[in-house]
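Next comes start10.cif, a file with mmCIF, C-alpha atoms.
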data_my_file
loop_
_atom_site.label_atom_id
_atom_site.label_comp_id
_atom_site.auth_asym_id
_atom_site.auth_seq_id
_atom_site.Cartn_x
_atom_site.Cartn_y
_atom_site.Cartn_z
CA MET D 1 76.04 14.57 -49.34
CA ASN D 2 75.13 11.97 -51.93
CA LEU D 3 75.53 8.79 -49.89
CA GLU D 4 72.64 6.37 -49.69
CA CYS D 5 70.44 7.11 -46.69
CA TYR D 6 67.22 5.81 -45.20
CA GLU D 7 64.23 8.10 -45.25
CA TYR D 8 63.67 9.43 -41.76
CA ASP D 9 60.97 11.11 -39.73
CA ARG D 10 61.60 14.23 -37.71
CA LEU D 11 59.58 13.52 -34.58
CA ASP D 12 60.16 16.92 -33.05
CA GLU D 13 62.76 19.68 -33.01
CA PHE D 14 65.42 17.39 -31.53
CA SER D 15 64.38 13.86 -32.43
CA TYR D 16 64.41 11.70 -35.54
CA ARG D 17 63.46 8.12 -36.32
CA PHE D 18 64.19 5.73 -39.16
CA TYR D 19 64.19 2.02 -39.90
CA SER D 20 67.00 -0.33 -40.88
CA GLU D 21 65.82 -3.01 -43.27
CA GLY D 22 67.70 -6.10 -44.32
CA PRO D 23 68.08 -9.85 -44.06
CA ARG D 24 67.80 -9.83 -40.26
CA GLY D 25 64.59 -7.88 -40.29
CA THR D 26 63.40 -4.35 -39.64
CA PHE D 27 64.80 -2.35 -36.75
CA LYS D 28 63.72 1.03 -35.48
CA LEU D 29 66.46 3.55 -34.73
CA HIS D 30 66.12 6.80 -32.84
CA ILE D 31 68.36 9.86 -33.05
CA ARG D 32 68.18 12.66 -30.50
CA PHE D 33 70.12 15.86 -30.04
CA THR D 34 70.34 16.57 -26.33
CA ARG D 35 71.55 19.91 -25.03
CA ILE D 36 74.74 19.63 -22.99
CA ARG D 37 75.63 23.29 -22.67
CA ASP D 38 74.71 26.66 -24.20
CA LEU D 39 74.64 25.93 -27.94
CA THR D 40 76.19 22.48 -27.93
CA TYR D 41 74.10 19.33 -28.36
CA ASN D 42 75.07 15.69 -28.02
CA LEU D 43 74.28 13.44 -30.95
CA GLY D 44 72.87 10.22 -29.56
CA PHE D 45 71.42 7.36 -31.52
CA GLY D 46 70.54 3.78 -30.86
CA VAL D 47 68.64 0.75 -32.05
CA VAL D 48 65.41 -0.41 -30.47
CA ASP D 49 65.50 -4.08 -29.52
CA ASN D 50 62.34 -5.55 -31.05
CA GLU D 51 61.83 -7.92 -28.11
CA SER D 52 62.67 -5.80 -25.07
CA GLU D 53 61.63 -2.47 -26.68
CA TRP D 54 64.69 -0.87 -25.08
CA ILE D 55 67.02 1.39 -27.00
CA ASP D 56 70.70 0.50 -26.96
CA ASP D 57 73.76 1.80 -28.79
CA LEU D 58 75.63 -1.49 -28.48
CA PHE D 59 72.96 -3.53 -30.25
CA GLU D 60 74.19 -4.80 -33.62
CA VAL D 61 71.64 -4.77 -36.41
CA ARG D 62 73.80 -6.83 -38.77
CA ASN D 63 71.66 -5.95 -41.77
CA GLY D 64 74.77 -5.13 -43.79
CA ASP D 65 73.75 -1.49 -43.83
CA SER D 66 76.08 0.15 -41.32
CA GLN D 67 77.24 2.73 -43.88
CA LYS D 68 73.65 3.53 -44.80
CA ILE D 69 72.77 3.92 -41.11
CA LEU D 70 75.76 6.21 -40.50
CA SER D 71 74.88 8.27 -43.57
CA THR D 72 71.33 8.62 -42.30
CA VAL D 73 72.53 9.78 -38.90
CA ALA D 74 74.92 12.24 -40.57
CA SER D 75 72.11 13.53 -42.75
CA ALA D 76 69.90 14.05 -39.70
CA ALA D 77 72.78 15.92 -38.03
CA LEU D 78 73.04 18.27 -41.00
CA ASP D 79 69.27 18.71 -41.00
CA PHE D 80 69.45 19.63 -37.31
CA LEU D 81 72.23 22.15 -37.96
CA ASN D 82 70.31 23.66 -40.83
CA ALA D 83 67.33 24.12 -38.51
CA HIS D 84 69.58 25.39 -35.69
CA PRO D 85 72.49 27.11 -37.43
CA ASP D 86 73.94 28.56 -34.23
CA ASN D 87 74.30 25.16 -32.59
CA SER D 88 77.20 22.74 -32.51
CA ILE D 89 76.93 18.96 -32.35
CA PHE D 90 79.20 16.77 -30.23
CA ALA D 91 79.54 13.10 -31.20
CA THR D 92 81.54 10.12 -30.09
CA GLY D 93 81.12 6.39 -30.61
CA SER D 94 79.83 3.97 -28.00
CA THR D 95 82.99 1.95 -28.61
CA SER D 96 86.37 2.80 -30.06
CA SER D 97 85.59 0.79 -33.19
CA ARG D 98 82.39 2.74 -33.72
CA THR D 99 84.22 6.03 -33.20
CA ARG D 100 86.61 4.83 -35.87
CA LEU D 101 83.64 4.13 -38.13
CA TYR D 102 82.39 7.69 -37.56
CA GLN D 103 85.82 9.02 -38.45
CA MET D 104 85.86 7.06 -41.69
CA GLY D 105 82.34 8.21 -42.45
CA ILE D 106 83.23 11.85 -41.88
CA SER D 107 86.34 11.47 -44.01
CA LYS D 108 84.20 10.07 -46.81
CA VAL D 109 81.75 12.98 -46.85
CA LEU D 110 84.25 15.69 -45.90
CA PRO D 111 84.89 16.87 -49.47
CA SER D 112 81.18 17.55 -49.94
CA LEU D 113 80.67 19.15 -46.54
CA THR D 114 81.16 22.75 -47.53
CA GLY D 115 79.79 25.27 -45.10
CA TYR D 116 80.56 23.21 -42.01
CA VAL D 117 83.49 23.13 -39.63
CA ILE D 118 84.50 19.84 -38.01
CA ALA D 119 86.93 19.43 -35.13
CA GLY D 120 88.27 16.22 -33.68
CA CYS D 121 89.63 15.42 -30.24
CA VAL D 122 92.61 13.13 -29.88
CA MET D 123 93.26 11.54 -26.51
CA ASN D 124 96.66 10.13 -25.65
CA LYS D 125 97.66 10.16 -29.26
CA ARG D 126 100.74 8.11 -30.00
CA GLN D 127 102.48 9.37 -33.06
CA PRO D 128 105.51 7.75 -34.66
CA GLU D 129 108.49 10.00 -35.07
CA ASN D 130 110.78 9.97 -38.07
CA THR D 131 112.27 6.60 -37.23
CA GLY D 132 108.88 4.97 -37.20
CA GLN D 133 109.99 3.14 -34.06
CA VAL D 134 109.81 5.77 -31.33
CA PHE D 135 106.40 6.82 -30.09
CA THR D 136 105.59 10.03 -28.31
CA ARG D 137 102.54 10.48 -26.10
CA LEU D 138 100.87 13.76 -26.87
CA PRO D 139 98.39 15.62 -24.68
CA VAL D 140 94.66 15.63 -25.33
CA GLU D 141 93.90 18.15 -28.00
CA TRP D 142 91.09 19.46 -30.17
CA CYS D 143 92.03 20.36 -33.70
CA ALA D 144 90.52 20.82 -37.13
CA PHE D 145 89.43 17.46 -38.55
CA GLU D 146 91.89 15.78 -40.89
CA ALA D 147 91.33 12.52 -42.70
CA GLY D 148 93.50 9.69 -41.41
CA VAL D 149 93.77 10.84 -37.79
CA ALA D 150 92.18 8.61 -35.14
CA TYR D 151 89.92 10.90 -33.15
CA ASP D 152 88.03 10.07 -29.99
CA ALA D 153 85.28 12.66 -30.37
CA PHE D 154 83.98 15.14 -32.92
CA LEU D 155 82.32 18.51 -32.99
CA ILE D 156 80.58 20.00 -36.02
CA CYS D 157 78.89 23.32 -36.67
CA LYS D 158 77.98 25.52 -39.58
CA SER D 159 80.92 27.66 -40.64
CA GLN D 160 78.99 30.91 -40.86
CA VAL D 161 78.64 31.00 -37.10
CA LEU D 162 82.41 31.09 -36.71
CA ASN D 163 84.67 34.09 -36.70
CA MET L 1 69.83 13.79 -49.34
CA PRO L 2 66.99 11.60 -48.08
CA THR L 3 63.43 12.70 -47.83
CA VAL L 4 62.75 14.23 -44.44
CA LYS L 5 59.24 13.82 -43.22
CA ILE L 6 58.07 16.11 -40.48
CA LYS L 7 55.92 14.05 -38.23
CA LYS L 8 52.52 15.56 -37.61
CA PRO L 9 51.32 16.11 -34.06
CA GLU L 10 50.07 12.89 -32.66
CA GLY L 11 46.47 12.30 -33.57
CA GLU L 12 43.93 9.88 -32.30
CA ASN L 13 45.08 7.16 -34.64
CA GLU L 14 48.81 7.60 -34.33
CA VAL L 15 50.87 7.55 -31.17
CA GLU L 16 54.65 7.36 -31.41
CA LYS L 17 55.71 4.58 -29.10
CA LEU L 18 59.09 5.47 -27.66
CA PRO L 19 61.45 2.88 -26.21
CA LEU L 20 60.93 2.22 -22.51
CA ASN L 21 64.32 3.69 -21.61
CA TYR L 22 64.27 6.49 -24.22
CA ASN L 23 64.83 9.48 -21.93
CA GLU L 24 67.16 7.63 -19.60
CA PHE L 25 69.28 6.45 -22.54
CA PHE L 26 69.71 9.83 -24.19
CA GLU L 27 70.17 11.73 -20.91
CA LYS L 28 72.93 9.30 -19.92
CA LYS L 29 74.68 9.84 -23.25
CA ALA L 30 74.38 13.60 -22.85
CA ALA L 31 75.82 13.43 -19.33
CA GLU L 32 78.79 11.46 -20.65
CA ALA L 33 79.31 14.02 -23.41
CA LYS L 34 79.09 16.89 -20.94
CA ALA L 35 81.66 15.24 -18.69
CA PHE L 36 83.95 14.73 -21.67
CA LEU L 37 83.75 18.38 -22.69
CA GLU L 38 84.32 19.54 -19.12
CA LYS L 39 87.42 17.38 -18.96
CA HIS L 40 88.56 18.26 -22.47
CA PRO L 41 87.29 21.75 -23.27
CA ILE L 42 87.30 22.93 -26.84
CA PRO L 43 89.77 25.74 -27.53
CA GLU L 44 87.89 28.94 -28.21
CA HIS L 45 89.78 29.60 -31.42
CA LEU L 46 88.33 26.44 -33.00
CA PHE L 47 84.66 27.14 -32.37
CA GLN L 48 84.39 30.77 -31.49
CA LYS L 49 80.95 32.20 -32.05
CA LYS L 50 80.42 35.66 -33.44
#
Kindly present the structure from the file in structure tokens form.
Amino acid sequence: MNLECYEYDRLDEFSYRFYSEGPRGTFKLHIRFTRIRDLTYNLGFGVVDNESEWIDDLFEVRNGDSQKILSTVASAALDFLNAHPDNSIFATGSTSSRTRLYQMGISKVLPSLTGYVIAGCVMNKRQPENTGQVFTRLPVEWCAFEAGVAYDAFLICKSQVLN
Amino acid sequence: MPTVKIKKPEGENEVEKLPLNYNEFFEKKAAEAKAFLEKHPIPEHLFQKK
């Protein structure tokens, strides 16, 4: 993964921290992988409001570095998987637009992500049929990640732990 | 890849100040993720462990 990232600190086995820097100032961001079942961990990250000192995933940094932030989070996720190769990471955006951003980010790095398997979950997918006019509602489904599909959630793990 | 620094155990001069709602925030996100996966389980053939 050769995208520009911030340098980050690994605070402990499950937690990371880095800083966004730009025209609106410096903001601290935290990433944590929280166990949700057996070997699956949720990827959570948020920005610390400098005034309230609360962490929030709806806070907008607006430093013009959203791609750099996403790349840093992705890099931390790969670092976590390298340290815990049997684990899987679940991720979804705090809003649909952010989930879309994740999807675009994954699509961008997908060619370089050898050794990992990524699945996406599509909820109530509406797919145009041949006419382009008729839409069919499909059931919720998990499938192997493909660029260009609007997913609602993602799961990633190292491929060597798969059959 | 960025440089990853492994933070040393907190010493006398350095204490990591976590956000006031740090645990609450991440536990809430994990609970939402858990609920999602319970509602939409992942097919075993996609992520089947050895």
Expansion of the PyMOL selection byres ((chain L and resi 25) around 10) into residues, as a list in words: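 Selection result, ordered by chain and number: Gly44, Phe45, Gly46, Trp54, Ile55, Asp56 and Asp57 of chain D; Pro19, Leu20, Asn21, Tyr22, Asn23, Glu24, Phe26, Glu27, Lys28, Lys29 and Ala30 of chain L.
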Test item: the PyMOL selection byres ((chain L and resi 41) around 12) resolved as a list in words: Arg37, Phe90, Gly120, Cys121, Val140, Glu141, Trp142, Cys143, Ala153 and Leu155 of chain D; Ala33, Lys34, Ala35, Phe36, Leu37, Glu38, Lys39, His40, Ile42, Pro43, Glu44, His45, Leu46 and Phe47 of chain L
Contact set, chain D to chain L: 8 Å, only C-alpha atoms, as a PyMOL selection string: chain D and resi 1-12+32+34-37+41-42+44-45+48+53-56+72+75+90-91+119+140-144+161-163
Radius query 10 Å about (71.8, 18.3, -36.3), atoms used: all atoms listed in the file, as a list in words: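 It turns out the residues near that spot are Glu13, Phe14, Ser15, Tyr16, Ile31, Arg32, Phe33, Tyr41, Asn42, Leu43, Val73, Ala74, Ser75, Ala76, Ala77, Leu78, Asp79, Phe80, Leu81, Asn82, Ala83, His84, Pro85, Asn87, Ser88, Ile89, Phe90, Ile156 and Cys157 of chain D.
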Selected residues written out, C-alpha atoms, as an mmCIF file, in the frame of the given file:
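Contents of out-v6.cif, as written:
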data_model
loop_
_atom_site.group_PDB
_atom_site.id
_atom_site.type_symbol
_atom_site.label_atom_id
_atom_site.label_comp_id
_atom_site.auth_asym_id
_atom_site.auth_seq_id
_atom_site.Cartn_x
_atom_site.Cartn_y
_atom_site.Cartn_z
ATOM 1 C CA GLU D 13 62.760 19.680 -33.010
ATOM 2 C CA PHE D 14 65.420 17.390 -31.530
ATOM 3 C CA SER D 15 64.380 13.860 -32.430
ATOM 4 C CA TYR D 16 64.410 11.700 -35.540
ATOM 5 C CA ILE D 31 68.360 9.860 -33.050
ATOM 6 C CA ARG D 32 68.180 12.660 -30.500
ATOM 7 C CA PHE D 33 70.120 15.860 -30.040
ATOM 8 C CA TYR D 41 74.100 19.330 -28.360
ATOM 9 C CA ASN D 42 75.070 15.690 -28.020
ATOM 10 C CA LEU D 43 74.280 13.440 -30.950
ATOM 11 C CA VAL D 73 72.530 9.780 -38.900
ATOM 12 C CA ALA D 74 74.920 12.240 -40.570
ATOM 13 C CA SER D 75 72.110 13.530 -42.750
ATOM 14 C CA ALA D 76 69.900 14.050 -39.700
ATOM 15 C CA ALA D 77 72.780 15.920 -38.030
ATOM 16 C CA LEU D 78 73.040 18.270 -41.000
ATOM 17 C CA ASP D 79 69.270 18.710 -41.000
ATOM 18 C CA PHE D 80 69.450 19.630 -37.310
ATOM 19 C CA LEU D 81 72.230 22.150 -37.960
ATOM 20 C CA ASN D 82 70.310 23.660 -40.830
ATOM 21 C CA ALA D 83 67.330 24.120 -38.510
ATOM 22 C CA HIS D 84 69.580 25.390 -35.690
ATOM 23 C CA PRO D 85 72.490 27.110 -37.430
ATOM 24 C CA ASN D 87 74.300 25.160 -32.590
ATOM 25 C CA SER D 88 77.200 22.740 -32.510
ATOM 26 C CA ILE D 89 76.930 18.960 -32.350
ATOM 27 C CA PHE D 90 79.200 16.770 -30.230
ATOM 28 C CA ILE D 156 80.580 20.000 -36.020
ATOM 29 C CA CYS D 157 78.890 23.320 -36.670
#
CA of Val117 in chain D to CA of Ser159 in chain D, distance in Å rounded to a single decimal: 5.3 Å
All residues 12 Å or closer to Thr99 in chain D, all atoms listed in the file, same chain fewer than 3 positions away omitted, as a PyMOL selection string: chain D and resi 70+91-96+102-106+120-122+149-154
Separation of CA of Ser107 in chain D from CA of Asp65 in chain D, in Å and rounded to one decimal: 18.1 Å
d(CA of Pro23 in chain D, CA of Ser97 in chain D) in Å: 23.2 Å
Axis-aligned box over every listed atom of range 33-46 of chain L, padded by 6 Å per side: centre and edges in Å to one decimal, as lines of an AutoDock Vina configuration file?
center_x = 84.4
center_y = 21.8
center_z = -25.8
size_x = 22.7
size_y = 27.6
size_z = 26.3
